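K.L.:
Quick one: the structure is below, questions incoming.
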Amino acid sequence: MYAYLRSAGVSLLLDTTGPHLPRVLHWGRDLGELDDHAVAELVRASVRPVTSSSPDSGVLLSVLPEQSAGWFGTPGVTGHRDGRAFSTAFRVTSVDVHDTAPVVADTPVHLTSPDGAAPLAGAVTVSAADDAAGLALTWRLELAVGGLVRTRTTVTSTREGSFAVGGVDALLPLPREATEILDFTGRHMRERSPQRHPLVAGLHLRETRRARTLDGTLLMLAGEAGFAHRHGQVWGTHVAWSGNARTLVEREMPEGLATIGGGELLLAGEVRLANGESYESPWVYFSYGDGLDALSARFHDFLRSRPTHPQTPRKALINVWEAVYFDHRLDRLTALADAAARVGLERYVLDDGWFRHRRTDTAGLGDWYVDETVWPDGLTPLVDHVTGLGLEFGLWFEPEMVNPDSDLARAHPEWILRVPDRMPLEYRRQQVLDLTVPQAWQYVFERMDAILSEYAISFVKWDFNRDLLDAGRQATGTAGVHEQTLATYRLLAALRVAHPDVEFESCSSGGGRADLGILALTDRIWASDCIDPLERQMIEAGTGLLVPPELMGSHVASPHSHTTGRRHDLGFRAATALFGHLGVEWDLTTASETELDELARWVAAYREHRHLLHRGRVVRADDPDPALRVHGVVAHDGGEAIFAIVQRTTGVSSPSGRVRLPGLVAGRAYRVTPLPPGDTIVSPGPLWQPAWWAEGVTLSGRVLAEVGVQAPLQHPEHSVLLHVVAV
């Protein structure tokens, strides 16, 4: 029996014959229609000869690889029963295949995932058991309509005694053509820094043991040598989990078989299954594309197809953190609101510092009551002023953390996530609140529910500012990251049910929690605490491979960056923020009238074009000059596009030459013009302006993609915008 799933230029052929776990015969470029005979011939053409020093029956590489089937690489399921049942040998008991539903009245009727996440083109559910180990599993694979693959595994203990789960890693094979790896590293305020290296024999493993991805990779990618945005086949994986996780690429020798995948990283003894208990892995996503843009688009299309995806225009906001920090004075905060309304912003977010004892970042976390000494009348005067201006009001929380210097920690030290005999090292004078304690979970829910019920709040910035280090549960002495992550999900879900009209942002020292697990429960992520636009060009390029623009918070910074010390013109700061969910992080009461007028033009441009920016296809040019970055968004019907030409540094040559504008319809004609207010070329003189700049130029989509237009000469750390409209 074979399962052949196809959609959006991707096909996946799964061999489910025999008793062994399924094997993937092909995952990648669509193979077209295949009948049973063609599949049988492909199978026969793929049988590998048995070589010396290998199992006589050959190696069976399944979706959950097993050493019992001859695989010496990373196994799919690990664990033991007091040392026994360390190696599994699952035998399939049932296979349920759902292919693409038939067309009814010329309209495809798609399948639906059990969690309702997105419409599907097909799905396979496999049940298997290892009676000797006392285990059963259910493995599910789904192919979304947009071509994205995801898998999830449930392991159940079927015997008395305890089975300690070591890990469950979903793995798909890579073809021989995949010879290069791209993943990402980083740190606080410099997330998503790319790194490339050859795919050689052995294991390339990235583990996140902080329950955050500041230093981890959101995507593990492998592809043809030199793959880039617009060319080269590439395969990638992402683990949709907000706790500890691992992703890997491995080439096992001597067979040379390569795999890519990952799963949750479980700490020692973290999951022990009694008879009848189950462990459900996170979803592990797999994307294929001819170029990174195609791979990325599958993630974007999947997220946009969810019923929970934000449907209303993404409101331009101001966050007051870098404007006031902990200096919460009503007159100052209302003046900021007045300035925000003056430039056309639509939402106002009060950040850290509004609750009891919170005059610095060393105290008060956990005391979720409005500070009476700062707000004698509560938040009502500020909320009323903000909403009276026509703006929505948002508020900052850090629900999972607690300061030792807080009423909460003093009253309930047993609610701190820790091993029984010692306290974890402090981060930012913080410890973690153990949300697996029912009373602690209930306390946080009730306090947040009370605040959200009392005030007209439409947006919550949910922060998570420290790693889960030495994270034990006092009641049991066992590791607690797994259960803490699930408890956080439950808390978010409960608050969303109680307050369905409130949007939630995932922030974690910036971009430390940006996975698809948290995005199933939130409406955007904060990409980084660094708002320097030059740094953001790299940070958002990496984050944007997974996250579409409307889910990525991107703010107009202050003229003088608080995190790098650089100074940038407003045009560069705003043009960078335009390609995300735009906000402002700047004390507008210090801005001049000229600056406010210019910012108002940028906010108006964002509001005018966000229908395109937040619904179109993200494209990135493969420019040979690393000093330049050319990227844009193209409408799905090809009728319109907006591009940015970013001069990051000085180029080797001057002028830089023509830049290509990819992603347009080859046979259509397009009018290319500068887009105000991003039409100002910052340069020494008018000779730096291209000849076509003043009146625009009309060229075909093919010519724009293959030849391009002459770029303007710009000073470093500046950019211009182009508006491309079909004629």
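Here, A, B, ... name the chains of the structure tokens in the order displayed, residue numbers run from 1 inside each chain, and ligands are numbered from 1 in the same displayed order.
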Name all residues at most 9 Å from stretch 630-644 of chain A (count only C-alpha atoms; drop same-chain ones fewer than 4 positions away) and give them as an MDAnalysis selection string.

P.N.:
chainID A and resid 575:576 579 609 612:623 659:665 668 670 675 678 719:727

K.L.:
Using DSSP on the backbone, list every residue of stretch 18-97 of chain A that comes out as helix (DSSP H, G or I), and give them as a VMD selection string.

P.N.:
chain A and resid 36 to 46 67 to 69

K.L.:
Using all heavy atoms, can you write the selected residues to a file as a CSV table (one decimal), in the first residue's frame?

P.N.:
chain,number,residue,atom,x,y,z
A,36,ASP,N,-0.8,3.1,-10.1
A,36,ASP,CA,-0.2,2.0,-9.3
A,36,ASP,C,1.0,1.4,-10.0
A,36,ASP,O,2.0,1.1,-9.3
A,36,ASP,CB,-1.2,1.0,-9.0
A,36,ASP,CG,-2.3,1.5,-8.1
A,36,ASP,OD1,-2.1,2.5,-7.4
A,36,ASP,OD2,-3.4,0.8,-8.0
A,37,HIS,N,1.0,1.3,-11.3
A,37,HIS,CA,2.1,0.7,-12.0
A,37,HIS,C,3.3,1.6,-11.9
A,37,HIS,O,4.4,1.1,-11.7
A,37,HIS,CB,1.7,0.4,-13.5
A,37,HIS,CG,2.9,-0.1,-14.3
A,37,HIS,ND1,3.4,-1.4,-14.1
A,37,HIS,CD2,3.6,0.5,-15.2
A,37,HIS,CE1,4.4,-1.5,-15.0
A,37,HIS,NE2,4.5,-0.4,-15.7
A,38,ALA,N,3.1,2.9,-12.1
A,38,ALA,CA,4.2,3.8,-12.0
A,38,ALA,C,4.8,3.9,-10.6
A,38,ALA,O,6.1,3.9,-10.5
A,38,ALA,CB,3.7,5.2,-12.4
A,39,VAL,N,4.0,3.8,-9.6
A,39,VAL,CA,4.5,3.7,-8.2
A,39,VAL,C,5.3,2.5,-8.0
A,39,VAL,O,6.5,2.5,-7.5
A,39,VAL,CB,3.4,3.8,-7.2
A,39,VAL,CG1,3.9,3.5,-5.8
A,39,VAL,CG2,2.7,5.2,-7.3
A,40,ALA,N,4.8,1.3,-8.5
A,40,ALA,CA,5.5,0.1,-8.3
A,40,ALA,C,6.9,0.1,-9.1
A,40,ALA,O,7.9,-0.4,-8.5
A,40,ALA,CB,4.7,-1.1,-8.9
A,41,GLU,N,6.9,0.7,-10.2
A,41,GLU,CA,8.2,0.8,-10.9
A,41,GLU,C,9.2,1.7,-10.2
A,41,GLU,O,10.4,1.5,-10.2
A,41,GLU,CB,7.9,1.4,-12.4
A,41,GLU,CG,7.2,0.4,-13.3
A,41,GLU,CD,8.1,-0.8,-13.6
A,41,GLU,OE1,8.9,-0.7,-14.6
A,41,GLU,OE2,8.1,-1.8,-12.9
A,42,LEU,N,8.6,2.8,-9.6
A,42,LEU,CA,9.5,3.7,-8.9
A,42,LEU,C,10.1,3.0,-7.7
A,42,LEU,O,11.3,3.2,-7.4
A,42,LEU,CB,8.7,5.0,-8.4
A,42,LEU,CG,9.5,6.0,-7.5
A,42,LEU,CD1,10.8,6.4,-8.2
A,42,LEU,CD2,8.6,7.1,-7.2
A,43,VAL,N,9.3,2.2,-7.0
A,43,VAL,CA,9.7,1.5,-5.9
A,43,VAL,C,10.8,0.5,-6.3
A,43,VAL,O,11.9,0.4,-5.7
A,43,VAL,CB,8.6,0.7,-5.2
A,43,VAL,CG1,9.1,-0.3,-4.1
A,43,VAL,CG2,7.6,1.7,-4.6
A,44,ARG,N,10.6,-0.2,-7.4
A,44,ARG,CA,11.6,-1.2,-7.9
A,44,ARG,C,12.9,-0.5,-8.3
A,44,ARG,O,14.0,-1.0,-8.0
A,44,ARG,CB,11.0,-2.0,-9.0
A,44,ARG,CG,11.8,-3.2,-9.4
A,44,ARG,CD,11.0,-4.1,-10.3
A,44,ARG,NE,10.7,-3.5,-11.6
A,44,ARG,CZ,11.5,-3.7,-12.6
A,44,ARG,NH1,12.6,-4.4,-12.5
A,44,ARG,NH2,11.2,-3.1,-13.8
A,45,ALA,N,12.8,0.7,-8.8
A,45,ALA,CA,13.9,1.5,-9.3
A,45,ALA,C,14.7,2.1,-8.1
A,45,ALA,O,15.8,2.5,-8.3
A,45,ALA,CB,13.5,2.6,-10.2
A,46,SER,N,14.1,2.0,-6.9
A,46,SER,CA,14.7,2.7,-5.8
A,46,SER,C,15.4,1.7,-4.8
A,46,SER,O,16.0,2.1,-3.8
A,46,SER,CB,13.7,3.5,-5.0
A,46,SER,OG,13.1,4.5,-5.8
A,67,GLN,N,16.8,1.4,15.1
A,67,GLN,CA,18.0,0.6,15.0
A,67,GLN,C,17.6,-0.9,14.7
A,67,GLN,O,18.4,-1.6,14.0
A,67,GLN,CB,18.8,0.7,16.3
A,67,GLN,CG,20.2,0.1,16.1
A,67,GLN,CD,21.1,0.4,17.2
A,67,GLN,OE1,21.5,-0.4,18.0
A,67,GLN,NE2,21.6,1.7,17.2
A,68,SER,N,16.4,-1.3,15.1
A,68,SER,CA,16.0,-2.7,14.9
A,68,SER,C,15.8,-2.9,13.4
A,68,SER,O,15.8,-4.1,12.9
A,68,SER,CB,14.8,-3.0,15.6
A,68,SER,OG,13.7,-2.2,15.2
A,69,ALA,N,15.7,-1.8,12.6
A,69,ALA,CA,15.5,-1.9,11.1
A,69,ALA,C,16.8,-1.6,10.4
A,69,ALA,O,16.8,-1.4,9.2
A,69,ALA,CB,14.4,-1.0,10.7

K.L.:
Check the smallest atom-to-atom distance from each of A:Ile181, A:Asp470, A:Phe286, A:Tyr279 to A:Arg196 using only C-alpha atoms, then report the winner.

P.N.:
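Using only C-alpha atoms, the shortest distance to A:Arg196 belongs to A:Ile181.
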
K.L.:
Which one of A:Gly70, A:Pro404, A:Pro399, A:Pro655 sits closest to A:Leu425 if you count only C-alpha atoms?

P.N.:
A:Pro404
